[in-house]
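As provided, upload-v2.cif (mmCIF, C-alpha atoms) reads as follows.
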```
data_input
#
loop_
_atom_site.label_atom_id
_atom_site.label_comp_id
_atom_site.auth_asym_id
_atom_site.auth_seq_id
_atom_site.Cartn_x
_atom_site.Cartn_y
_atom_site.Cartn_z
CA MET A 1 -1.72 -21.90 42.20
CA VAL A 2 0.18 -19.34 44.21
CA ALA A 3 -2.88 -18.70 46.40
CA ASN A 4 -2.48 -22.23 47.77
CA ALA A 5 0.91 -21.26 49.19
CA PHE A 6 -0.86 -19.10 51.76
CA ASP A 7 -3.14 -21.91 52.93
CA LEU A 8 -2.45 -22.94 56.53
CA GLU A 9 -5.11 -25.63 56.79
CA GLY A 10 -4.09 -28.25 59.35
CA LYS A 11 -1.30 -26.14 60.86
CA VAL A 12 -0.98 -25.27 64.55
CA ALA A 13 0.35 -21.87 65.63
CA LEU A 14 1.56 -21.06 69.14
CA ILE A 15 1.15 -17.33 69.85
CA THR A 16 2.22 -15.51 73.00
CA GLY A 17 0.31 -12.47 74.21
CA CYS A 18 -2.77 -12.90 72.03
CA ASN A 19 -5.57 -11.95 74.41
CA THR A 20 -5.76 -8.40 72.99
CA GLY A 21 -4.25 -6.06 70.41
CA LEU A 22 -1.78 -7.15 67.76
CA GLY A 23 -1.57 -10.69 69.09
CA GLN A 24 -5.31 -11.09 68.86
CA GLY A 25 -5.28 -9.71 65.32
CA MET A 26 -2.55 -12.15 64.26
CA ALA A 27 -4.31 -15.09 65.91
CA THR A 28 -7.48 -14.21 64.03
CA GLY A 29 -5.61 -13.85 60.74
CA LEU A 30 -3.86 -17.19 61.13
CA ALA A 31 -7.16 -18.85 62.01
CA GLN A 32 -8.73 -17.35 58.88
CA ALA A 33 -5.93 -18.99 56.89
CA GLY A 34 -6.65 -22.38 58.46
CA CYS A 35 -4.60 -22.57 61.68
CA ASP A 36 -5.59 -23.92 65.03
CA ILE A 37 -4.23 -21.61 67.73
CA ILE A 38 -2.42 -22.24 71.01
CA GLY A 39 -2.68 -18.97 72.93
CA VAL A 40 -0.14 -18.36 75.71
CA ASN A 41 -1.26 -15.54 77.96
CA ARG A 42 -1.00 -14.40 81.54
CA ALA A 43 -4.58 -13.14 81.50
CA ASP A 44 -7.89 -14.47 80.21
CA SER A 45 -8.11 -15.10 76.45
CA VAL A 46 -11.85 -15.79 76.15
CA ASP A 47 -12.42 -13.10 73.50
CA THR A 48 -9.64 -14.41 71.26
CA ALA A 49 -10.89 -17.97 71.73
CA ARG A 50 -14.36 -16.87 70.65
CA ARG A 51 -13.00 -15.22 67.49
CA VAL A 52 -10.90 -18.24 66.54
CA GLU A 53 -13.66 -20.76 67.21
CA ALA A 54 -16.16 -18.68 65.23
CA LEU A 55 -13.91 -19.42 62.23
CA GLY A 56 -14.22 -23.15 62.82
CA ARG A 57 -10.73 -23.49 64.31
CA ARG A 58 -9.61 -24.84 67.65
CA PHE A 59 -8.20 -22.58 70.37
CA TYR A 60 -6.06 -24.05 73.14
CA PRO A 61 -5.52 -21.62 76.05
CA LEU A 62 -2.34 -21.85 78.11
CA GLN A 63 -1.49 -19.58 81.04
CA ALA A 64 2.12 -18.70 81.79
CA ASP A 65 4.19 -15.90 83.27
CA LEU A 66 6.64 -15.07 80.49
CA ALA A 67 8.72 -12.94 82.85
CA ASP A 68 10.45 -16.22 83.77
CA ALA A 69 12.21 -17.83 80.80
CA ALA A 70 12.23 -21.14 82.67
CA CYS A 71 8.58 -21.56 81.64
CA ALA A 72 9.56 -22.19 78.00
CA ALA A 73 9.99 -25.96 78.22
CA GLN A 74 6.72 -26.39 80.09
CA ILE A 75 4.85 -24.24 77.55
CA VAL A 76 6.03 -26.41 74.67
CA GLU A 77 5.26 -29.61 76.56
CA GLN A 78 1.72 -28.43 77.37
CA ALA A 79 1.17 -27.14 73.84
CA VAL A 80 2.11 -30.43 72.22
CA ALA A 81 0.04 -32.37 74.75
CA ALA A 82 -2.99 -30.21 73.86
CA ALA A 83 -2.65 -29.84 70.08
CA GLY A 84 -0.37 -32.72 69.12
CA LYS A 85 2.24 -30.57 67.39
CA ILE A 86 3.50 -27.04 66.72
CA ASP A 87 4.10 -25.74 63.18
CA ILE A 88 4.40 -21.99 63.81
CA LEU A 89 5.62 -19.87 66.72
CA VAL A 90 4.72 -16.18 67.00
CA ASN A 91 6.69 -14.44 69.77
CA ASN A 92 4.36 -11.52 70.30
CA ALA A 93 4.25 -10.98 74.08
CA GLY A 94 6.02 -7.83 75.21
CA ILE A 95 5.95 -5.00 77.72
CA ILE A 96 7.21 -1.42 77.82
CA ARG A 97 8.35 0.93 80.57
CA ARG A 98 8.76 4.68 80.09
CA ASP A 99 11.13 7.02 81.92
CA ASP A 100 14.06 9.30 81.17
CA ALA A 101 17.31 7.40 80.67
CA LEU A 102 18.83 9.39 83.56
CA ASN A 103 16.20 8.04 85.94
CA PHE A 104 15.51 4.58 84.51
CA SER A 105 15.48 1.81 87.13
CA GLU A 106 17.19 -1.56 87.06
CA ARG A 107 13.85 -3.22 87.78
CA ASP A 108 12.22 -1.65 84.71
CA TRP A 109 15.25 -2.67 82.65
CA ASP A 110 15.17 -6.31 83.75
CA GLU A 111 11.39 -6.78 83.48
CA VAL A 112 11.32 -5.58 79.88
CA MET A 113 14.45 -7.42 78.78
CA ASN A 114 13.29 -10.68 80.36
CA ILE A 115 9.98 -10.83 78.49
CA ASN A 116 10.89 -9.09 75.25
CA SER A 117 14.18 -10.81 74.47
CA LYS A 118 15.26 -13.47 76.99
CA THR A 119 12.02 -15.49 77.04
CA LEU A 120 11.62 -14.93 73.30
CA PHE A 121 14.97 -16.63 72.73
CA PHE A 122 14.46 -19.57 75.06
CA LEU A 123 10.92 -20.24 73.85
CA SER A 124 12.23 -20.17 70.27
CA GLN A 125 14.96 -22.60 71.30
CA GLN A 126 12.44 -25.04 72.76
CA VAL A 127 10.15 -24.78 69.74
CA ALA A 128 13.07 -25.21 67.31
CA ARG A 129 14.04 -28.40 69.11
CA ARG A 130 10.45 -29.55 68.72
CA PHE A 131 10.47 -28.70 65.00
CA ILE A 132 13.62 -30.77 64.54
CA SER A 133 12.19 -33.74 66.40
CA GLN A 134 8.94 -33.53 64.39
CA GLY A 135 10.77 -33.25 61.07
CA GLY A 136 9.57 -30.96 58.29
CA GLY A 137 10.87 -27.66 59.64
CA GLY A 138 8.69 -24.83 60.91
CA LYS A 139 8.18 -21.09 61.10
CA ILE A 140 9.23 -18.71 63.87
CA ILE A 141 7.97 -15.13 63.70
CA ASN A 142 9.28 -12.59 66.20
CA ILE A 143 7.64 -9.25 66.84
CA ALA A 144 10.20 -6.47 66.61
CA SER A 145 9.48 -2.72 66.55
CA MET A 146 10.34 0.58 64.91
CA LEU A 147 12.79 0.82 67.81
CA SER A 148 14.66 -2.15 66.38
CA PHE A 149 15.85 0.44 63.84
CA GLN A 150 15.69 3.69 65.82
CA GLY A 151 16.64 4.89 69.28
CA GLY A 152 13.39 6.39 70.49
CA ILE A 153 13.11 8.42 73.69
CA ARG A 154 12.30 7.47 77.29
CA VAL A 155 12.19 3.72 76.57
CA PRO A 156 15.78 2.48 77.02
CA SER A 157 15.00 -1.14 77.89
CA TYR A 158 12.34 -1.42 75.19
CA THR A 159 14.77 -0.09 72.57
CA ALA A 160 17.47 -2.49 73.75
CA SER A 161 15.10 -5.46 73.80
CA LYS A 162 13.66 -4.82 70.36
CA SER A 163 17.12 -4.23 68.88
CA ALA A 164 17.97 -7.63 70.35
CA VAL A 165 14.93 -9.16 68.64
CA LEU A 166 16.19 -8.03 65.23
CA GLY A 167 19.65 -9.45 65.91
CA LEU A 168 18.37 -12.72 67.38
CA THR A 169 16.09 -13.18 64.38
CA ARG A 170 19.16 -13.11 62.13
CA LEU A 171 21.19 -15.35 64.43
CA MET A 172 18.49 -18.01 64.70
CA ALA A 173 17.88 -17.90 60.95
CA ASN A 174 21.59 -18.44 60.31
CA GLU A 175 21.76 -21.47 62.58
CA TRP A 176 18.40 -23.13 61.97
CA ALA A 177 17.79 -22.69 58.23
CA LYS A 178 19.58 -26.00 57.65
CA TYR A 179 16.75 -27.69 59.57
CA GLY A 180 14.07 -26.17 57.34
CA ILE A 181 13.19 -23.59 59.99
CA ASN A 182 12.44 -20.07 58.78
CA VAL A 183 12.97 -17.32 61.36
CA ASN A 184 11.74 -13.84 60.50
CA ALA A 185 10.30 -10.84 62.31
CA ILE A 186 7.62 -8.22 61.87
CA ALA A 187 8.31 -4.67 63.04
CA PRO A 188 4.97 -2.96 63.60
CA GLY A 189 4.85 0.78 63.21
CA TYR A 190 2.79 2.99 65.46
CA MET A 191 -0.22 0.84 66.27
CA ALA A 192 -3.37 1.66 68.22
CA THR A 193 -2.82 -0.76 71.14
CA ASN A 194 -2.56 -0.61 74.93
CA ASN A 195 1.20 0.03 74.66
CA THR A 196 0.65 3.27 72.74
CA GLU A 197 -2.36 4.61 74.63
CA GLN A 198 -0.22 7.12 76.51
CA LEU A 199 1.21 8.47 73.24
CA ARG A 200 -2.18 8.69 71.55
CA ASN A 201 -3.63 10.56 74.53
CA ASP A 202 -0.87 13.18 74.28
CA GLU A 203 -2.35 15.44 71.59
CA ALA A 204 0.92 17.10 70.61
CA ARG A 205 2.86 13.82 70.40
CA ASN A 206 -0.03 12.13 68.58
CA GLN A 207 0.01 14.80 65.89
CA GLU A 208 3.81 14.63 65.57
CA ILE A 209 3.59 10.89 64.94
CA LEU A 210 0.71 11.11 62.46
CA ALA A 211 2.52 13.85 60.52
CA ARG A 212 5.40 11.48 59.83
CA ILE A 213 3.34 8.44 58.76
CA PRO A 214 2.74 8.61 54.98
CA ALA A 215 -0.42 6.50 55.39
CA GLY A 216 -1.76 9.24 57.66
CA ARG A 217 -3.12 6.96 60.38
CA TRP A 218 -2.15 4.70 63.26
CA GLY A 219 -2.06 1.02 62.40
CA ASN A 220 -4.51 -1.49 63.83
CA PRO A 221 -4.41 -5.22 64.62
CA ASP A 222 -5.96 -6.17 61.26
CA ASP A 223 -2.93 -4.68 59.51
CA MET A 224 -0.83 -7.52 60.95
CA MET A 225 -2.93 -10.33 59.47
CA GLY A 226 -1.49 -10.43 55.94
CA PRO A 227 2.17 -10.16 56.98
CA VAL A 228 1.92 -12.87 59.65
CA VAL A 229 0.09 -15.27 57.31
CA PHE A 230 2.76 -14.69 54.65
CA LEU A 231 5.64 -15.42 57.04
CA ALA A 232 3.82 -18.44 58.50
CA SER A 233 3.06 -19.99 55.12
CA SER A 234 5.03 -21.76 52.41
CA ALA A 235 4.83 -18.54 50.38
CA SER A 236 7.80 -17.34 52.48
CA ASP A 237 9.92 -20.51 52.34
CA TYR A 238 12.89 -18.63 50.86
CA VAL A 239 12.61 -15.68 53.27
CA ASN A 240 14.88 -16.05 56.26
CA GLY A 241 16.40 -13.66 58.82
CA PHE A 242 14.38 -10.68 57.58
CA THR A 243 12.52 -8.07 59.64
CA LEU A 244 9.47 -6.79 57.77
CA ALA A 245 8.31 -3.29 58.69
CA VAL A 246 4.52 -2.89 58.79
CA ASP A 247 4.56 0.81 59.47
CA GLY A 248 2.46 2.79 57.00
CA GLY A 249 5.71 4.13 55.52
CA TRP A 250 7.24 5.47 58.77
CA LEU A 251 10.76 4.25 57.97
CA ALA A 252 10.54 5.58 54.42
CA ARG A 253 10.35 9.17 55.68
#
```

Now that the file is in, can you turn its structure into structure tokens?
Amino acid sequence: MVANAFDLEGKVALITGCNTGLGQGMATGLAQAGCDIIGVNRADSVDTARRVEALGRRFYPLQADLADAACAAQIVEQAVAAAGKIDILVNNAGIIRRDDALNFSERDWDEVMNINSKTLFFLSQQVARRFISQGGGGKIINIASMLSFQGGIRVPSYTASKSAVLGLTRLMANEWAKYGINVNAIAPGYMATNNTEQLRNDEARNQEILARIPAGRWGNPDDMMGPVVFLASSASDYVNGFTLAVDGGWLAR
């Protein structure tokens, strides 16, 4: 039965940045499909833990500062010590800084690039090594953006970092498919999260955005559940190097 291909019973997913927003939604969706969750956050993840455990799944909290890519090896070591294995990695953690390109600071550039692309790569590298040592392959899901496809305005480092995510997803898929590792990405559209609060509070900009979305609304964390379960499951075993837009039709306009 094809429905069985989406069953993640007995799997363990490591998710970065899942204490709120899209990460929390994806953690909940994966738990609904049968996953235990290792949540890597800088802040408290009690609410996500409560949601996962209410579904009868285990939640293993890890704290780390993803601004330093050197934490990747320790994260994987701690994750395996806690849960015994890793089957799925979701690189969700990310930050954004806004300013005109003429005024943008080197600090804001480096902080965004470090978390959004550098740590994403080195954590993927560590997890891929773990997948190979475990045998049986694995799934890596990166979180890209509409700005992986478009330039945007006033977010130069975010645009650069998310463009890098799309390219790295392809690169890692090319190299690691031979090990049974699928690497794909999800590009959320305009979602109602902390990162977009400033945009949603700007009435004129909010209306401009809504006017372009065929679905006529901002996305929400629940909209990420189906796509992440698909890419984490055996239903997507022949999908590799692809970035899936979950955008209410934004890119179709």

One residue among A:Thr169, A:Thr48, A:Ser124, A:Gln78 is nearest to Phe242 in chain A when using all atoms listed in the file, and that residue is A:Thr169

Mind listing as JSON, numbers by chain all residues within 8 Å of (4.5, 5.7, 64.5), counting all atoms listed in the file?
{"A": [146, 189, 190, 191, 209, 210, 212, 213, 218, 247, 250]}

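One finds CA of Ile132 in chain A at 17.5 Å from CA of Asn184 in chain A.
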
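Put simply, the PyMOL selection byres ((chain A and resi 238) around 12) on this file hits A:Lys139, A:Ala173, A:Ala177, A:Gly180, A:Ile181, A:Asn182, A:Val183, A:Asn184, A:Phe230, A:Leu231, A:Ala232, A:Ser233, A:Ser234, A:Ala235, A:Ser236, A:Asp237, A:Val239, A:Asn240, A:Gly241, A:Phe242.
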
Taking C-alpha atoms for each residue, export the selection above as a short mmCIF file (atom, residue, chain, number, x, y, z; two decimals), keeping the file's coordinate frame.
```
data_model
loop_
_atom_site.label_atom_id
_atom_site.label_comp_id
_atom_site.auth_asym_id
_atom_site.auth_seq_id
_atom_site.Cartn_x
_atom_site.Cartn_y
_atom_site.Cartn_z
CA LYS A 139 8.18 -21.09 61.10
CA ALA A 173 17.88 -17.90 60.95
CA ALA A 177 17.79 -22.69 58.23
CA GLY A 180 14.07 -26.17 57.34
CA ILE A 181 13.19 -23.59 59.99
CA ASN A 182 12.44 -20.07 58.78
CA VAL A 183 12.97 -17.32 61.36
CA ASN A 184 11.74 -13.84 60.50
CA PHE A 230 2.76 -14.69 54.65
CA LEU A 231 5.64 -15.42 57.04
CA ALA A 232 3.82 -18.44 58.50
CA SER A 233 3.06 -19.99 55.12
CA SER A 234 5.03 -21.76 52.41
CA ALA A 235 4.83 -18.54 50.38
CA SER A 236 7.80 -17.34 52.48
CA ASP A 237 9.92 -20.51 52.34
CA VAL A 239 12.61 -15.68 53.27
CA ASN A 240 14.88 -16.05 56.26
CA GLY A 241 16.40 -13.66 58.82
CA PHE A 242 14.38 -10.68 57.58
#
```

Evaluate the PyMOL selection byres ((chain A and resi 245) around 6) on the structure here and hand back the selected residues as a list of chain:residue names.
A:Ile186, A:Ala187, A:Pro188, A:Leu244, A:Val246, A:Asp247

For the structure provided, state which residues fall under the PyMOL selection byres ((chain A and resi 106-121) around 8), and present them as an mmCIF file with C-alpha atoms, keeping the file's coordinate frame.
```
data_model
loop_
_atom_site.group_PDB
_atom_site.id
_atom_site.type_symbol
_atom_site.label_atom_id
_atom_site.label_comp_id
_atom_site.auth_asym_id
_atom_site.auth_seq_id
_atom_site.Cartn_x
_atom_site.Cartn_y
_atom_site.Cartn_z
ATOM 1 C CA LEU A 66 6.640 -15.070 80.490
ATOM 2 C CA ALA A 67 8.720 -12.940 82.850
ATOM 3 C CA ASP A 68 10.450 -16.220 83.770
ATOM 4 C CA ALA A 69 12.210 -17.830 80.800
ATOM 5 C CA ALA A 70 12.230 -21.140 82.670
ATOM 6 C CA ALA A 72 9.560 -22.190 78.000
ATOM 7 C CA ASN A 91 6.690 -14.440 69.770
ATOM 8 C CA ALA A 93 4.250 -10.980 74.080
ATOM 9 C CA GLY A 94 6.020 -7.830 75.210
ATOM 10 C CA ILE A 95 5.950 -5.000 77.720
ATOM 11 C CA ILE A 96 7.210 -1.420 77.820
ATOM 12 C CA ARG A 97 8.350 0.930 80.570
ATOM 13 C CA PHE A 104 15.510 4.580 84.510
ATOM 14 C CA SER A 105 15.480 1.810 87.130
ATOM 15 C CA PHE A 122 14.460 -19.570 75.060
ATOM 16 C CA LEU A 123 10.920 -20.240 73.850
ATOM 17 C CA SER A 124 12.230 -20.170 70.270
ATOM 18 C CA GLN A 125 14.960 -22.600 71.300
ATOM 19 C CA ASN A 142 9.280 -12.590 66.200
ATOM 20 C CA PRO A 156 15.780 2.480 77.020
ATOM 21 C CA SER A 157 15.000 -1.140 77.890
ATOM 22 C CA TYR A 158 12.340 -1.420 75.190
ATOM 23 C CA ALA A 160 17.470 -2.490 73.750
ATOM 24 C CA SER A 161 15.100 -5.460 73.800
ATOM 25 C CA LYS A 162 13.660 -4.820 70.360
ATOM 26 C CA ALA A 164 17.970 -7.630 70.350
ATOM 27 C CA VAL A 165 14.930 -9.160 68.640
ATOM 28 C CA LEU A 168 18.370 -12.720 67.380
#
```

Between CA of Lys11 in chain A and CA of Ile143 in chain A, what distance in Å does the model show, to one decimal?
20.0 Å

With only C-alpha atoms as the atoms that count, which of A:Leu251, A:Ala144, A:Ala185, A:Leu14 lies nearest to Ala79 in chain A?
A:Leu14

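Shortest separation to Thr16 in chain A among A:Ala31, A:Ala215, A:Val90, A:Ile141 occurs at residue A:Val90, atoms counted being only C-alpha atoms.
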
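Across the model, the gap from CA of Phe131 in chain A to CA of Lys178 in chain A is 12.0 Å.
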
I want to know what sits within 8 Å of Thr159 in chain A, based on all atoms listed in the file, with residues of the same chain fewer than 6 positions away left out; could you give that as a PDB file with C-alpha atoms, in the frame of the given file?
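Printed below is result35.pdb as written:
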```pdb
ATOM      1  CA  LEU A 147      12.790   0.820  67.810  1.00  0.00           C
ATOM      2  CA  SER A 148      14.660  -2.150  66.380  1.00  0.00           C
ATOM      3  CA  GLN A 150      15.690   3.690  65.820  1.00  0.00           C
ATOM      4  CA  GLY A 151      16.640   4.890  69.280  1.00  0.00           C
ATOM      5  CA  GLY A 152      13.390   6.390  70.490  1.00  0.00           C
TER       6      GLY A 152
END
```
